[in-house]
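In what follows, a structure is listed as structure tokens, so that the remarks can point back to it.
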Amino acid sequence: MHRILAILFLSCLLVSRSLFAQAADSDTIPHSAHLLSRYIRHASVTGNERMAGLFFSTVARQKGFHVEILTDEPDSFNFTASLYPLDSGKPNIVLLNHIDVVPAVSKEEFTYPPFAGVIADGKVWGRGAIDNKGMGVMQLLAMEDYLDLAKDSDLPFNVTMLSVSGEETGGEAGAKIIVTEFLDLLNPVVVYGEGGSGVPGVLVREPDRKLFGISVAFKRSLWIELKLSMTTIGHGSVPPVSYTVQDKVQALNRLVDRDRRITFSESTRNMFYELGRVEGGLRGFALRNLWLFRPFVIPAMKREEVIHALITNTITITAINTPEGPPNLIPQEITAVLDCRLLPETDTGEFLEELRRALGNEEVDIRVIKEGVHALPTQVDKFYDYMKEALKIVYPGSGVIPVLAPASNDNNYFRARGIPTYGMLPVFLPVYLIETIHNVDERLPIDALEKGLDVYRQLIAVLIESGYGRQVIQ
Ligand SMILES: [Zn+2]
């Protein structure tokens, strides 16, 4: 697996060198790159989206979209740009993106300032280039191509770009407001948001073949505090049989030593089945028939951290705290913080029960700090097929599979309301560029930006041509 990654890495370096030559000629820089560059320059770290939102919504209005500002607060700016007015009541194809970005720490390590939107080496550099302003630019410019058509004819559905705030901190200032206050106005029949993308280095038999994972489900976060309080003697010179730190360490030990129960939920089974179909050969056969190959496949899956996380509920200890004191003082209280990630089908109550049993100490107080939105996976439907078709038009010969993603995002707010929701950033990036997300030197190749734009363009074309488009007309 790692050698294949290395080969992919090298081939991608060669590609980026050819892009370098292209960028040397500024005439060849497309409008999409200039727009993304300007959008990045409106820094919009979560809680400060307003100026960037005003900029992007103004661009949309100038292009001729129907723009609605849904919320306009200093820390929450949410807007839509649509082919038809929202109050036309048409069923709506919603293209979701978020305005906010994560902060850029350690600025001195950046090749170019993170909020300068520099275009160099055939790439647009800066915070938000990939996550998620680039996607907003792709969606808006793809829709722009259909503005005239929408004016001249009465399409059976609307297409709306929805740009929201606060995604990076849980969606309370964005997606949550939309689903609680504006869902009727928005009238979505499907939401295409972020989440999946091209995934390099997965196919063993054909490592050069592109594979795209459209996310149909997310694991949800469950943050927990474990507190253990005890009154014991306070001096460390004579250790009591039982005291806070020792008992807590023992309980946490039992927790990390437990065997994580493997669960093949419907969404993971589907994912491996479809991967098996794309992969082919013996490996593909094994992936399609997991029940038959369980004894061989499961040990291999356990060795791959990401795969292991996709078939289990995970528990990560992220903090252990005691009140400050000198080294010889036995604290009377100790807390630990757990970042748990649950499979969509897992019941929170049952999970907490399991956790209690695993700790093996009735004295430990378990408190839920925060739970992510609980939503069941999207059942793959025609809207999945349309995205798949669009991807295959732009990336001929590529494989497309539905995936469960280990981390959560805004999509689950819509899923929880029963709206089919798919995650797809329609670009194929090498690992070293994927790793720049939330990191130093985030950057998106212009070529990838243009290809992603083309996927959305094709998606709308497919929707118009499809049975769905015609069916709604009748
Ligand atoms: Zn994002």
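Residue numbering restarts at 1 in every chain; chains get A, B, ... in the order shown in the structure tokens, and ligands count up from 1 in that same order.
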Need to verify the contact set: segment 350-357 of chain A, 9 Å, only C-alpha atoms, exclusion of same-chain residues closer than 4 positions in sequence. Can you return it as a VMD selection string? chain A and resid 255 313 342 346 361 to 362 364 366
Produce a table with one row for each residue of chain A that has an atom at most 7 Å from any atom of ligand 1, each row naming the nearest atom pair and its distance in Å at one decimal; use only C-alpha atoms and all ligand atoms; arrange rows by chain and rising residue number; format as CSV.
```
residue,atom,partner,partner_atom_place_in_ligand_line,distance
A:His98,CA,ligand 1,1 (Zn),6.6
A:Asp131,CA,ligand 1,1 (Zn),4.6
A:Asn132,CA,ligand 1,1 (Zn),5.1
A:Glu167,CA,ligand 1,1 (Zn),6.7
A:Glu168,CA,ligand 1,1 (Zn),6.5
A:Glu194,CA,ligand 1,1 (Zn),6.5
```
Which residue is closest to Ser106 of chain A? Choose from A:Ile130, A:Ala120, A:Val440, A:Val67 and count only C-alpha atoms.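 Counting only C-alpha atoms, the residue closest to Ser106 of chain A is A:Val440.
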Excluding Val427 of chain A and residues on its chain fewer than 3 positions from it, collect all residues at most 8 Å away from it, counting only C-alpha atoms, and give them as a VMD selection string. chain A and resid 197 to 198 448 to 449 451 to 452
May I have all residues of segment 72-231 of chain A that DSSP, computed from the backbone, assigns to helix (DSSP H, G or I), given as a VMD selection string? chain A and resid 86 to 88 107 to 109 133 to 144 147 to 152 167 to 169 175 to 181 183 to 186
As a PyMOL selection string, please: the residues near segment 263-274 of chain A (cut-off 9 Å, only C-alpha atoms, same-chain neighbours under 5 positions excluded). chain A and resi 213+216-217+279+284-290+310-313+343-345+377-379+400-404
Quick one: residues within 10 Å of Gly134 of chain A, only C-alpha atoms counted, chain neighbours fewer than 2 positions away excluded, as JSON, numbers by chain? {"A": [32, 33, 35, 36, 37, 39, 40, 97, 124, 128, 129, 130, 131, 132, 136, 137, 138, 139, 425, 443, 444, 446, 448, 449, 450, 452, 453]}
Selected residue of minimal separation from Gly349 of chain A among A:Asn187, A:Val368, A:Lys210, A:Phe296, counting only C-alpha atoms: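 Closest residue, counting only C-alpha atoms: A:Val368.
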Need the shell around segment 70-75 of chain A: protein/DNA/RNA residues with any atom at most 12 Å away, counting only C-alpha atoms. Skip same-chain ones fewer than 6 positions apart. Format as an MDAnalysis selection string? chainID A and resid 44:54 57 81 86 99:100 162:166 171:179 181:183 185:186
Selection from above, C-alpha atoms, as a short mmCIF file (atom, residue, chain, number, x, y, z; two decimals), in the first residue's frame, can you write it?
```
data_model
loop_
_atom_site.label_atom_id
_atom_site.label_comp_id
_atom_site.auth_asym_id
_atom_site.auth_seq_id
_atom_site.Cartn_x
_atom_site.Cartn_y
_atom_site.Cartn_z
CA SER A 44 -13.19 34.19 7.28
CA VAL A 45 -12.01 32.24 10.30
CA THR A 46 -15.10 30.77 11.99
CA GLY A 47 -17.12 33.50 13.67
CA ASN A 48 -15.89 36.13 11.20
CA GLU A 49 -17.61 35.04 7.99
CA ARG A 50 -19.55 38.22 7.28
CA MET A 51 -17.14 40.10 4.99
CA ALA A 52 -16.33 37.00 2.94
CA GLY A 53 -20.04 36.15 2.76
CA LEU A 54 -20.91 39.66 1.61
CA SER A 57 -23.01 36.88 -2.31
CA ALA A 81 -27.76 31.94 -4.79
CA LEU A 86 -36.56 30.43 -3.51
CA ILE A 99 -17.70 30.17 4.11
CA ASP A 100 -15.64 29.71 7.27
CA LEU A 162 -26.11 27.44 -0.10
CA SER A 163 -23.10 29.03 1.64
CA VAL A 164 -23.08 28.77 5.40
CA SER A 165 -21.06 29.81 8.45
CA GLY A 166 -19.65 27.88 11.36
CA GLY A 171 -22.57 24.07 12.30
CA GLU A 172 -24.60 25.83 15.01
CA ALA A 173 -24.19 29.22 13.30
CA GLY A 174 -24.90 27.83 9.85
CA ALA A 175 -26.44 24.53 8.81
CA LYS A 176 -28.33 24.17 12.07
CA ILE A 177 -30.04 27.54 11.57
CA ILE A 178 -30.91 26.58 7.99
CA VAL A 179 -32.61 23.31 8.91
CA GLU A 181 -35.63 28.09 10.25
CA PHE A 182 -35.34 27.94 6.47
CA LEU A 183 -35.92 24.35 5.42
CA LEU A 185 -38.17 27.97 2.03
CA LEU A 186 -35.17 26.02 0.74
#
```
Using only C-alpha atoms, can you tell me which of A:Leu149, A:Leu376, A:Leu211, A:Arg341 comes closest to Tyr413 of chain A?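 For Tyr413 of chain A, the nearest of the given residues is A:Leu376.
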Write down as JSON, numbers by chain the residues belonging to segment 136-278 of chain A that are assigned strand (DSSP E) by DSSP computed on the backbone. {"A": [158, 159, 160, 161, 162, 163, 164, 188, 189, 190, 191, 192, 193, 197, 198, 211, 212, 213, 214, 215, 216, 217, 218, 220, 221, 222, 223, 224, 225, 226, 227, 228, 229]}
Written file, previous selection with N, CA and C atoms, as an mmCIF file, in the first residue's frame:
```cif
data_model
loop_
_atom_site.group_PDB
_atom_site.id
_atom_site.type_symbol
_atom_site.label_atom_id
_atom_site.label_comp_id
_atom_site.auth_asym_id
_atom_site.auth_seq_id
_atom_site.Cartn_x
_atom_site.Cartn_y
_atom_site.Cartn_z
ATOM 1 N N ASN A 158 -35.270 23.889 -9.212
ATOM 2 C CA ASN A 158 -34.356 24.996 -8.952
ATOM 3 C C ASN A 158 -32.975 24.400 -8.632
ATOM 4 N N VAL A 159 -31.927 25.183 -8.821
ATOM 5 C CA VAL A 159 -30.610 24.795 -8.316
ATOM 6 C C VAL A 159 -30.141 25.951 -7.437
ATOM 7 N N THR A 160 -29.748 25.625 -6.218
ATOM 8 C CA THR A 160 -29.365 26.663 -5.252
ATOM 9 C C THR A 160 -28.014 26.351 -4.636
ATOM 10 N N MET A 161 -27.136 27.337 -4.663
ATOM 11 C CA MET A 161 -25.912 27.207 -3.882
ATOM 12 C C MET A 161 -26.197 27.780 -2.495
ATOM 13 N N LEU A 162 -25.899 26.996 -1.477
ATOM 14 C CA LEU A 162 -26.110 27.440 -0.096
ATOM 15 C C LEU A 162 -24.748 27.565 0.581
ATOM 16 N N SER A 163 -24.393 28.794 0.970
ATOM 17 C CA SER A 163 -23.104 29.027 1.641
ATOM 18 C C SER A 163 -23.367 29.371 3.094
ATOM 19 N N VAL A 164 -22.755 28.604 3.988
ATOM 20 C CA VAL A 164 -23.077 28.769 5.404
ATOM 21 C C VAL A 164 -21.835 29.087 6.252
ATOM 22 N N PRO A 188 -35.333 21.499 -0.183
ATOM 23 C CA PRO A 188 -34.336 20.657 -0.867
ATOM 24 C C PRO A 188 -34.845 19.238 -1.136
ATOM 25 N N VAL A 189 -34.586 18.739 -2.341
ATOM 26 C CA VAL A 189 -34.858 17.319 -2.629
ATOM 27 C C VAL A 189 -33.573 16.522 -2.486
ATOM 28 N N VAL A 190 -32.442 17.219 -2.571
ATOM 29 C CA VAL A 190 -31.147 16.574 -2.363
ATOM 30 C C VAL A 190 -30.153 17.665 -1.973
ATOM 31 N N VAL A 191 -29.165 17.297 -1.189
ATOM 32 C CA VAL A 191 -28.078 18.225 -0.851
ATOM 33 C C VAL A 191 -26.760 17.564 -1.247
ATOM 34 N N TYR A 192 -25.983 18.303 -2.016
ATOM 35 C CA TYR A 192 -24.617 17.856 -2.317
ATOM 36 C C TYR A 192 -23.655 18.754 -1.546
ATOM 37 N N GLY A 193 -23.007 18.185 -0.540
ATOM 38 C CA GLY A 193 -22.093 18.969 0.280
ATOM 39 C C GLY A 193 -20.674 18.432 0.181
ATOM 40 N N SER A 197 -14.318 12.591 -1.821
ATOM 41 C CA SER A 197 -13.491 13.174 -2.881
ATOM 42 C C SER A 197 -12.794 12.027 -3.589
ATOM 43 N N GLY A 198 -11.836 12.384 -4.468
ATOM 44 C CA GLY A 198 -11.007 11.349 -5.047
ATOM 45 C C GLY A 198 -10.116 10.780 -3.963
ATOM 46 N N LEU A 211 -10.249 6.699 -8.136
ATOM 47 C CA LEU A 211 -11.390 6.215 -7.371
ATOM 48 C C LEU A 211 -11.991 7.388 -6.592
ATOM 49 N N PHE A 212 -13.316 7.540 -6.691
ATOM 50 C CA PHE A 212 -14.008 8.590 -5.945
ATOM 51 C C PHE A 212 -14.933 7.969 -4.910
ATOM 52 N N GLY A 213 -14.900 8.518 -3.727
ATOM 53 C CA GLY A 213 -15.819 8.069 -2.672
ATOM 54 C C GLY A 213 -16.844 9.153 -2.398
ATOM 55 N N ILE A 214 -18.110 8.864 -2.710
ATOM 56 C CA ILE A 214 -19.190 9.807 -2.386
ATOM 57 C C ILE A 214 -19.664 9.456 -0.978
ATOM 58 N N SER A 215 -19.560 10.384 -0.049
ATOM 59 C CA SER A 215 -19.922 10.003 1.322
ATOM 60 C C SER A 215 -21.441 10.025 1.492
ATOM 61 N N VAL A 216 -21.929 8.953 2.099
ATOM 62 C CA VAL A 216 -23.372 8.807 2.327
ATOM 63 C C VAL A 216 -23.693 8.757 3.821
ATOM 64 N N ALA A 217 -22.652 8.734 4.633
ATOM 65 C CA ALA A 217 -22.863 8.671 6.080
ATOM 66 C C ALA A 217 -21.607 9.159 6.792
ATOM 67 N N PHE A 218 -21.811 9.655 7.988
ATOM 68 C CA PHE A 218 -20.684 10.047 8.822
ATOM 69 C C PHE A 218 -20.801 9.362 10.159
ATOM 70 N N ARG A 220 -20.648 9.918 14.053
ATOM 71 C CA ARG A 220 -20.921 11.144 14.816
ATOM 72 C C ARG A 220 -20.038 11.185 16.065
ATOM 73 N N SER A 221 -19.723 12.395 16.434
ATOM 74 C CA SER A 221 -18.849 12.548 17.598
ATOM 75 C C SER A 221 -19.672 12.500 18.874
ATOM 76 N N LEU A 222 -19.079 11.954 19.910
ATOM 77 C CA LEU A 222 -19.689 11.955 21.234
ATOM 78 C C LEU A 222 -18.549 12.250 22.201
ATOM 79 N N TRP A 223 -18.585 13.457 22.779
ATOM 80 C CA TRP A 223 -17.513 13.862 23.682
ATOM 81 C C TRP A 223 -17.967 13.639 25.123
ATOM 82 N N ILE A 224 -17.115 12.981 25.875
ATOM 83 C CA ILE A 224 -17.505 12.534 27.212
ATOM 84 C C ILE A 224 -16.471 12.950 28.241
ATOM 85 N N GLU A 225 -16.978 13.328 29.418
ATOM 86 C CA GLU A 225 -16.066 13.555 30.543
ATOM 87 C C GLU A 225 -16.292 12.454 31.575
ATOM 88 N N LEU A 226 -15.194 11.857 32.032
ATOM 89 C CA LEU A 226 -15.257 10.842 33.076
ATOM 90 C C LEU A 226 -14.674 11.448 34.339
ATOM 91 N N LYS A 227 -15.465 11.461 35.401
ATOM 92 C CA LYS A 227 -14.967 12.071 36.635
ATOM 93 C C LYS A 227 -14.967 11.035 37.753
ATOM 94 N N LEU A 228 -13.887 11.029 38.506
ATOM 95 C CA LEU A 228 -13.814 10.139 39.659
ATOM 96 C C LEU A 228 -13.424 10.976 40.874
ATOM 97 N N SER A 229 -14.315 11.012 41.852
ATOM 98 C CA SER A 229 -14.013 11.761 43.086
ATOM 99 C C SER A 229 -13.942 10.765 44.240
#
```
Which residues are close to segment 237-240 of chain A, i.e. within 10 Å by only C-alpha atoms, leaving aside same-chain residues fewer than 6 positions away? Reply as a ChimeraX atom specification. /A:246,328-330
Between atom CA of Glu363 of chain A and atom CA of Asp247 of chain A, what distance in Å does the model show, to one decimal?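 A separation of 9.6 Å between them.
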Here atom CA of Gly117 of chain A and atom CA of Arg38 of chain A stand apart by 6.5 Å
Looking at only C-alpha atoms, which of A:Val245, A:Val102, A:Ala390, A:Ala43 is the one that sits closest to Glu465 of chain A?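 Using only C-alpha atoms, Glu465 of chain A sits closest to A:Ala390.
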Nearest to Ala405 of chain A by atom-to-atom distance, counting only C-alpha atoms, from A:Leu95, A:Ile307, A:Ala319, A:Val59: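 For Ala405 of chain A, the nearest of the given residues is A:Ile307.
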